[in-house]
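**Q** Can you read through this structure? Questions will come right after.
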Amino acid sequence: MLKKRLHCLLMLNILLLLSLAGYGQGQDEGPGYQMMLIKNPGMAGIDGKSTVRLSYVNFFPGNNYNFHSVYFSYDSYYQGLHGGTSVYITDNYLGGIINDLRGGVSYAYSLKAGRDLFINAGLSASVVHRGFNFSGAVLPDQIDPLGGISLPSSESLTSGGKTVIDIGAGFLFATGRFTGGLAVSHLAEPDLSFSGSSEAKLRRQLLIHVSGDFTPWSNHDLKLDPLVYAEYQKGYTNGGAGVSFGYRFFSVCTSFLGDTYKNLNIQSGFSFSAGRFYIYYNYRFNVISGNRFMPLSLLHQTGLAFSLNAVEKRNEGRTINFPNL
């Protein structure tokens, strides 16, 4: 009985850390083409190139929470498949106790639905493994009255893992200078816990995003790219709006983000592009917090992308440019 109580207490602390990391049932990376490529399978191959993307996120830097995420993806357009495909791997390392490793593939069928209307319909399937590491955990019976730690504990916790299949679907619409997307993640609502409780399932997550690609000045080297997005999952909503200003190979961007927990955040960054290579950096900080636990520095994000080759798309296809947010 004591072992069960200690296990519940430890898992409660883990859930508190997870809530700090994402406020939903996962970490909130916010807007960005690399993240949306994984969340919306309809975006696979939309830029007409074979592209490798790498990204690293450090959540709450300077607070020793030890939350890190790494993202890798490769996507391309294939004329014989009438659409694009992608493969991706993500690794979320949460406080040294939980590690979520995901690997998946997606396919997006491209359709020219009108003179200036293009639609991509995509599906994704992934394998998610949640691993636990309790080797560094300190249980109550290890703490002596003087505040020291006595090892080993009379109790033990199993560091087993859980593996599930996850499925997602998404659409992408492009007309004129506007592009919009709609995606649903966790369609099967997989359960990554061992409890079997319905509360532990990954609830379906709805994503809506709209972006633009403008050259409002006579100098076509200057670009103005706005982006709006919103996500909803299990009573939790977050969203934001931002804009990217670009001149040739350099861009700066700013976005304002908010959620149902009354948090207001600002994310700013910059990017450089040189030929087939593209690198970027973003920093997010909290302006207004709905609770006293939210630190000022929320995340650092950096990444790079490089194109392996250009693909000649079919006549009715279209290459879509996204904001460098």
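Chain labels follow the order of the structure tokens: the first chain is A, the next B, and so on; residue numbering restarts at 1 in every chain, and ligands are counted from 1 in their shown order.
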Show which residues sit within 6 Å of A:Tyr229, as an MDAnalysis selection string. Count only C-alpha atoms, and ignore same-chain residues fewer than 5 positions away.

**A** chainID A and resid 208:209 239:240

**Q** Take the selection from the previous step and output its residues with C-alpha atoms, as a JSON list (two decimals), in the first residue's frame.

**A**
```json
[["chain", "number", "residue", "atom", "x", "y", "z"],
["A", 208, "ILE", "CA", -5.98, 25.68, -37.11],
["A", 209, "HIS", "CA", -3.43, 27.95, -38.79],
["A", 239, "GLY", "CA", -3.01, 30.41, -29.81],
["A", 240, "GLY", "CA", -1.17, 33.37, -31.15]]
```

**Q** Excluding A:Thr85 and its own-chain neighbours fewer than 6 positions away, which residues fall within 7 Å of it when counting only C-alpha atoms? Please give them as a ChimeraX atom specification.

**A** /A:44-45,75-77,106-108

**Q** How many Å lie between atom CA of A:Arg248 and atom CA of A:Gly48, rounded to one decimal?

**A**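 So the two atoms, atom CA of A:Arg248 and atom CA of A:Gly48, lie 19.9 Å apart.
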
**Q** Record the distance separating atom CA of A:Ile279 and atom CA of A:Gly62, expressed in Å with one decimal.

**A**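 Distance between the two atoms: 23.6 Å.
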
**Q** List the spatial neighbours of stretch 65-68 of chain A as a JSON list (two decimals) with N, CA and C atoms, in the first residue's frame - criterion: any atom at most 7 Å away, only C-alpha atoms, same-chain residues fewer than 4 positions off excluded.

**A**
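Once written, result_25.json looks like this:
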```
[["chain", "number", "residue", "atom", "x", "y", "z"],
["A", 57, "VAL", "N", 14.84, 22.49, -28.70],
["A", 57, "VAL", "CA", 14.14, 23.40, -27.81],
["A", 57, "VAL", "C", 14.57, 23.13, -26.38],
["A", 58, "ASN", "N", 14.95, 24.17, -25.66],
["A", 58, "ASN", "CA", 15.28, 24.10, -24.24],
["A", 58, "ASN", "C", 14.20, 24.87, -23.48],
["A", 59, "PHE", "N", 13.36, 24.13, -22.74],
["A", 59, "PHE", "CA", 12.27, 24.77, -22.00],
["A", 59, "PHE", "C", 12.75, 25.28, -20.65],
["A", 60, "PHE", "N", 12.33, 26.48, -20.26],
["A", 60, "PHE", "CA", 12.63, 27.10, -18.98],
["A", 60, "PHE", "C", 14.13, 27.10, -18.69],
["A", 92, "ASN", "N", 11.28, 14.00, -26.56],
["A", 92, "ASN", "CA", 10.99, 14.94, -25.48],
["A", 92, "ASN", "C", 11.52, 14.37, -24.17],
["A", 93, "TYR", "N", 12.51, 15.05, -23.62],
["A", 93, "TYR", "CA", 13.16, 14.62, -22.38],
["A", 93, "TYR", "C", 12.65, 15.50, -21.26],
["A", 94, "LEU", "N", 11.87, 14.92, -20.34],
["A", 94, "LEU", "CA", 11.13, 15.70, -19.36],
["A", 94, "LEU", "C", 11.66, 15.45, -17.95],
["A", 95, "GLY", "N", 12.51, 16.35, -17.51],
["A", 95, "GLY", "CA", 12.97, 16.33, -16.13],
["A", 95, "GLY", "C", 13.83, 15.15, -15.74],
["A", 96, "GLY", "N", 14.34, 14.38, -16.69],
["A", 96, "GLY", "CA", 15.14, 13.22, -16.35],
["A", 96, "GLY", "C", 14.34, 12.03, -15.87]]
```

**Q** Which value, in Å to one decimal, gives the distance between atom CA of A:Pro190 and atom CA of A:Tyr88?

**A**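 Distance between the two atoms: 18.9 Å.
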
**Q** Please provide as a count of residues only all residues within 7 Å of A:Ala169, with the sequence filter that same-chain residues fewer than 5 positions apart are discarded (counting only C-alpha atoms).

**A** 8

**Q** With only C-alpha atoms as the counted atoms, please give the residues lying no more than 9 Å from A:Ser297, apart from itself and same-chain residues fewer than 3 positions off, as an mmCIF file with N, CA and C atoms, in the first residue's frame.

**A**
```
data_model
loop_
_atom_site.group_PDB
_atom_site.id
_atom_site.type_symbol
_atom_site.label_atom_id
_atom_site.label_comp_id
_atom_site.auth_asym_id
_atom_site.auth_seq_id
_atom_site.Cartn_x
_atom_site.Cartn_y
_atom_site.Cartn_z
ATOM 1 N N PHE A 59 13.359 24.135 -22.738
ATOM 2 C CA PHE A 59 12.268 24.768 -22.002
ATOM 3 C C PHE A 59 12.751 25.276 -20.649
ATOM 4 N N PHE A 60 12.325 26.482 -20.262
ATOM 5 C CA PHE A 60 12.628 27.105 -18.980
ATOM 6 C C PHE A 60 14.128 27.097 -18.686
ATOM 7 N N PRO A 61 14.935 27.643 -19.585
ATOM 8 C CA PRO A 61 16.390 27.643 -19.369
ATOM 9 C C PRO A 61 16.756 28.432 -18.119
ATOM 10 N N GLY A 62 17.775 27.932 -17.410
ATOM 11 C CA GLY A 62 18.247 28.602 -16.205
ATOM 12 C C GLY A 62 17.507 28.227 -14.946
ATOM 13 N N ASN A 63 16.485 27.335 -15.050
ATOM 14 C CA ASN A 63 15.706 26.949 -13.874
ATOM 15 C C ASN A 63 15.929 25.495 -13.447
ATOM 16 N N TYR A 283 13.363 33.019 -29.113
ATOM 17 C CA TYR A 283 13.360 33.102 -27.648
ATOM 18 C C TYR A 283 11.977 33.536 -27.200
ATOM 19 N N ARG A 284 11.414 32.834 -26.220
ATOM 20 C CA ARG A 284 10.081 33.164 -25.711
ATOM 21 C C ARG A 284 10.151 33.505 -24.237
ATOM 22 N N PHE A 285 9.447 34.567 -23.849
ATOM 23 C CA PHE A 285 9.395 34.935 -22.442
ATOM 24 C C PHE A 285 7.974 35.299 -22.054
ATOM 25 N N ASN A 286 7.714 35.190 -20.764
ATOM 26 C CA ASN A 286 6.373 35.414 -20.226
ATOM 27 C C ASN A 286 6.192 36.874 -19.825
ATOM 28 N N MET A 294 5.036 30.352 -13.149
ATOM 29 C CA MET A 294 5.585 30.572 -14.481
ATOM 30 C C MET A 294 6.840 31.440 -14.421
ATOM 31 N N HIS A 300 14.253 28.538 -25.298
ATOM 32 C CA HIS A 300 15.158 28.864 -26.395
ATOM 33 C C HIS A 300 14.941 27.820 -27.474
#
```

**Q** So which one's closest to A:Phe250, A:His186, A:Arg53, A:Lys223, A:Arg276? Using only C-alpha atoms, please.

**A**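 Of A:His186, A:Arg53, A:Lys223, A:Arg276, the one nearest A:Phe250 is A:Lys223, counting only C-alpha atoms.
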
**Q** So which one's closest to A:Ser73, A:Gly212, A:Gly290, A:Gly303, A:Gly246? Using only C-alpha atoms, please.

**A**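 Nearest candidate to A:Ser73 out of A:Gly212, A:Gly290, A:Gly303, A:Gly246: A:Gly303.
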
**Q** Could you pull out all residues of stretch 33-92 of chain A with a DSSP call of alpha helix (DSSP H) and give them as a list of chain:residue names?

**A**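 So, restricting stretch 33-92 of chain A to alpha helix (DSSP H), we get A:Tyr33, A:Gln34, A:Met35, A:Met36, A:Leu37, A:Ile38, A:Lys39.
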
**Q** Since we have the selection now, will you write its residues out, keeping N, CA and C atoms, as a PDB file, in the first residue's frame?

**A**
```pdb
ATOM      1  N   TYR A  33       7.097  26.487 -38.821  1.00  0.00           N
ATOM      2  CA  TYR A  33       6.879  25.533 -39.899  1.00  0.00           C
ATOM      3  C   TYR A  33       7.354  24.139 -39.525  1.00  0.00           C
ATOM      4  N   GLN A  34       8.506  24.029 -38.821  1.00  0.00           N
ATOM      5  CA  GLN A  34       9.014  22.709 -38.482  1.00  0.00           C
ATOM      6  C   GLN A  34       8.058  21.964 -37.561  1.00  0.00           C
ATOM      7  N   MET A  35       7.459  22.669 -36.604  1.00  0.00           N
ATOM      8  CA  MET A  35       6.539  22.026 -35.679  1.00  0.00           C
ATOM      9  C   MET A  35       5.230  21.663 -36.377  1.00  0.00           C
ATOM     10  N   MET A  36       4.736  22.561 -37.236  1.00  0.00           N
ATOM     11  CA  MET A  36       3.471  22.302 -37.900  1.00  0.00           C
ATOM     12  C   MET A  36       3.594  21.198 -38.942  1.00  0.00           C
ATOM     13  N   LEU A  37       4.791  20.981 -39.474  1.00  0.00           N
ATOM     14  CA  LEU A  37       5.003  19.884 -40.402  1.00  0.00           C
ATOM     15  C   LEU A  37       4.706  18.551 -39.733  1.00  0.00           C
ATOM     16  N   ILE A  38       5.007  18.442 -38.431  1.00  0.00           N
ATOM     17  CA  ILE A  38       4.743  17.223 -37.692  1.00  0.00           C
ATOM     18  C   ILE A  38       3.279  17.165 -37.239  1.00  0.00           C
ATOM     19  N   LYS A  39       2.725  18.313 -36.867  1.00  0.00           N
ATOM     20  CA  LYS A  39       1.353  18.326 -36.380  1.00  0.00           C
ATOM     21  C   LYS A  39       0.323  18.234 -37.496  1.00  0.00           C
TER      22      LYS A  39
END
```
